[in-house]
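Data block below; observations after.
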Amino acid sequence: MNGTGSARKWNLRRYLVAGVLVWLPILATVWVVSFILHLMDLTLEVLPPAYRPEALVGFSLPGLGAVFALIVLLLTGLLVTNLIGHRLIAWGEELLNRIPVVRTVYGGVKSFAESVFSQSNAFRKVVMIEYPRAGVWSIGFLTAEDVPEVSERLREPHVAVYISSALNATAGYLVIVPRRAVVELDLSVDAAMRMIITCGVVVPPAADRTHLAKPAA
């Protein structure tokens, strides 16, 4: 009897875990997408009240903010690619650069965005370094192939590596290390992110872990 009861209890636990593994990713995905769509819908607040969906059709249309934001981005891109728009943007940036706190935030965000969207190698290589001490390895992302000021002062090529925090990949810290101390991995960025966010519970399969000790070029 005890054996039968234990078996039933084990099967019940297995079914419960299987159900959680099916529904948890689905619910998390729905929550994240809904949250993003809600944020995008806030962009409709810039429209005059008479032109908002509630006034035109009598009820809100979830997701319409994403369409509106996409249209705004396309129109902005079209504007800044011509001569007049480029001059307007340059004039606006010059104005922002005269404000002490604003110029720091704006300049940092702009530099980061240009690095991510303009350079093919930015945040594309997964590496590991001995950090925070020798013998302990941390997985990071190569963000700069060279840091000229540091390399010149230390008389050795140095690179910038961003190390993400577990559970929250958007939080982390930047380290500058000698190029020779960086080991490039054959992991994809997505696979590395999954491993970091799950605290190592989800490890990439063997197919994604070939040639793990290839030095960074």
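Residues are named by chain letter and number: chains run A, B, ... in the order of the structure tokens, numbers start at 1 in each chain, and ligands are numbered from 1 in the order shown.
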
Shell of 12 Å around Pro53 in chain A, only C-alpha atoms, local chain residues under 2 positions omitted, as a PDB file with C-alpha atoms, in the first residue's frame:
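Result file out.pdb:
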ATOM      1  CA  ASP A  41      -0.275  52.195 -26.457  1.00  0.00           C
ATOM      2  CA  LEU A  44      -1.254  57.438 -28.378  1.00  0.00           C
ATOM      3  CA  GLU A  45      -1.392  59.978 -25.549  1.00  0.00           C
ATOM      4  CA  LEU A  47      -2.481  62.567 -30.126  1.00  0.00           C
ATOM      5  CA  PRO A  48      -5.193  65.145 -29.533  1.00  0.00           C
ATOM      6  CA  PRO A  49      -8.129  63.612 -27.592  1.00  0.00           C
ATOM      7  CA  ALA A  50     -10.416  63.975 -30.612  1.00  0.00           C
ATOM      8  CA  TYR A  51      -8.145  61.725 -32.724  1.00  0.00           C
ATOM      9  CA  ALA A  55     -13.110  59.129 -29.596  1.00  0.00           C
ATOM     10  CA  LEU A  56     -13.152  57.794 -33.168  1.00  0.00           C
ATOM     11  CA  VAL A  57     -14.573  54.288 -32.722  1.00  0.00           C
ATOM     12  CA  GLY A  58     -15.912  54.473 -29.181  1.00  0.00           C
ATOM     13  CA  PHE A  59     -13.540  51.928 -27.597  1.00  0.00           C
ATOM     14  CA  SER A  60      -9.808  51.337 -27.199  1.00  0.00           C
ATOM     15  CA  LEU A  61      -7.881  49.188 -29.669  1.00  0.00           C
ATOM     16  CA  PRO A  62      -5.023  47.311 -27.930  1.00  0.00           C
ATOM     17  CA  GLY A  63      -1.896  47.192 -30.041  1.00  0.00           C
ATOM     18  CA  LEU A  64      -2.749  50.268 -32.073  1.00  0.00           C
ATOM     19  CA  GLY A  65       0.007  52.097 -30.213  1.00  0.00           C
ATOM     20  CA  PHE A  68       1.432  54.277 -34.372  1.00  0.00           C
TER      21      PHE A  68
END

DSSP-assigned helix (DSSP H, G or I) members of range 1-207 of chain A, reported as a ChimeraX atom specification: /A:2-46,49-51,53-57,64-80,83-96,100-118,148-154,179-181,189-197,206-207

- prompt: So what do you get for CA of Leu187 in chain A versus CA of Pro204 in chain A, distance-wise?
  reply: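 Separation of CA of Leu187 in chain A and CA of Pro204 in chain A: 7.9 Å.
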
task: Write down as JSON, numbers by chain the residues belonging to chain A that are assigned strand (DSSP E) by DSSP computed on the backbone.
output: {"A": [125, 126, 127, 128, 129, 130, 137, 138, 139, 140, 141, 142, 143, 144, 158, 159, 160, 161, 162, 163, 164, 172, 173, 174, 175, 176, 177, 178, 183, 184, 214, 215]}

- request: Show which residues sit within 8 Å of range 191-194 of chain A, as a list of chain:residue names. Count only C-alpha atoms, and ignore same-chain residues fewer than 4 positions away.
  value: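 Counting only the stated atoms, we get A:Val126, A:Ile139, A:Ala169, A:Leu187, A:Thr198, A:Val202, A:Val203, A:Pro204.
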
Could the residues in this selection be written to a file with all heavy atoms, as a PDB file, in the first residue's frame?
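Final output, result-v4.pdb:
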ATOM      1  N   VAL A 126      30.195  36.065 -27.765  1.00  0.00           N
ATOM      2  CA  VAL A 126      30.115  35.582 -26.395  1.00  0.00           C
ATOM      3  C   VAL A 126      31.510  35.129 -25.969  1.00  0.00           C
ATOM      4  O   VAL A 126      32.160  34.360 -26.680  1.00  0.00           O
ATOM      5  CB  VAL A 126      29.116  34.423 -26.271  1.00  0.00           C
ATOM      6  CG1 VAL A 126      29.028  33.932 -24.821  1.00  0.00           C
ATOM      7  CG2 VAL A 126      27.740  34.851 -26.771  1.00  0.00           C
ATOM      8  N   ILE A 139      30.874  34.480 -17.904  1.00  0.00           N
ATOM      9  CA  ILE A 139      30.479  34.624 -19.301  1.00  0.00           C
ATOM     10  C   ILE A 139      30.066  36.064 -19.548  1.00  0.00           C
ATOM     11  O   ILE A 139      29.347  36.669 -18.752  1.00  0.00           O
ATOM     12  CB  ILE A 139      29.323  33.671 -19.645  1.00  0.00           C
ATOM     13  CG1 ILE A 139      29.817  32.221 -19.599  1.00  0.00           C
ATOM     14  CG2 ILE A 139      28.753  33.980 -21.023  1.00  0.00           C
ATOM     15  CD1 ILE A 139      28.741  31.207 -19.927  1.00  0.00           C
ATOM     16  N   ALA A 169      19.340  40.127 -17.121  1.00  0.00           N
ATOM     17  CA  ALA A 169      20.439  40.307 -18.075  1.00  0.00           C
ATOM     18  C   ALA A 169      20.665  41.756 -18.448  1.00  0.00           C
ATOM     19  O   ALA A 169      21.718  42.104 -18.982  1.00  0.00           O
ATOM     20  CB  ALA A 169      20.168  39.486 -19.341  1.00  0.00           C
ATOM     21  N   LEU A 187      29.137  30.011 -28.503  1.00  0.00           N
ATOM     22  CA  LEU A 187      27.734  30.139 -28.108  1.00  0.00           C
ATOM     23  C   LEU A 187      27.078  31.293 -28.856  1.00  0.00           C
ATOM     24  O   LEU A 187      27.730  32.305 -29.129  1.00  0.00           O
ATOM     25  CB  LEU A 187      27.621  30.409 -26.607  1.00  0.00           C
ATOM     26  CG  LEU A 187      27.953  29.279 -25.628  1.00  0.00           C
ATOM     27  CD1 LEU A 187      27.869  29.790 -24.215  1.00  0.00           C
ATOM     28  CD2 LEU A 187      27.020  28.109 -25.817  1.00  0.00           C
ATOM     29  N   THR A 198      18.832  31.949 -16.363  1.00  0.00           N
ATOM     30  CA  THR A 198      18.397  30.799 -15.569  1.00  0.00           C
ATOM     31  C   THR A 198      19.441  30.373 -14.546  1.00  0.00           C
ATOM     32  O   THR A 198      19.324  29.310 -13.947  1.00  0.00           O
ATOM     33  CB  THR A 198      18.085  29.606 -16.494  1.00  0.00           C
ATOM     34  OG1 THR A 198      19.274  29.236 -17.222  1.00  0.00           O
ATOM     35  CG2 THR A 198      16.976  29.955 -17.467  1.00  0.00           C
ATOM     36  N   VAL A 202      19.686  26.194 -17.428  1.00  0.00           N
ATOM     37  CA  VAL A 202      19.569  25.834 -18.844  1.00  0.00           C
ATOM     38  C   VAL A 202      20.941  26.000 -19.482  1.00  0.00           C
ATOM     39  O   VAL A 202      21.416  27.119 -19.688  1.00  0.00           O
ATOM     40  CB  VAL A 202      18.538  26.736 -19.557  1.00  0.00           C
ATOM     41  CG1 VAL A 202      18.476  26.391 -21.041  1.00  0.00           C
ATOM     42  CG2 VAL A 202      17.174  26.585 -18.902  1.00  0.00           C
ATOM     43  N   VAL A 203      21.586  24.867 -19.762  1.00  0.00           N
ATOM     44  CA  VAL A 203      22.910  24.865 -20.371  1.00  0.00           C
ATOM     45  C   VAL A 203      22.771  24.519 -21.845  1.00  0.00           C
ATOM     46  O   VAL A 203      22.046  23.574 -22.189  1.00  0.00           O
ATOM     47  CB  VAL A 203      23.841  23.857 -19.670  1.00  0.00           C
ATOM     48  CG1 VAL A 203      25.219  23.841 -20.314  1.00  0.00           C
ATOM     49  CG2 VAL A 203      23.958  24.197 -18.194  1.00  0.00           C
ATOM     50  N   PRO A 204      23.416  25.262 -22.742  1.00  0.00           N
ATOM     51  CA  PRO A 204      23.320  24.963 -24.174  1.00  0.00           C
ATOM     52  C   PRO A 204      23.744  23.532 -24.472  1.00  0.00           C
ATOM     53  O   PRO A 204      24.661  23.003 -23.827  1.00  0.00           O
ATOM     54  CB  PRO A 204      24.284  25.964 -24.819  1.00  0.00           C
ATOM     55  CG  PRO A 204      24.376  27.072 -23.832  1.00  0.00           C
ATOM     56  CD  PRO A 204      24.249  26.436 -22.480  1.00  0.00           C
TER      57      PRO A 204
END

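The shortest atom-to-atom distance to Phe35 in chain A, with only C-alpha atoms taken into account, belongs to A:Ala66 out of A:Ala66, A:Val17, A:Val177, A:Ala171.
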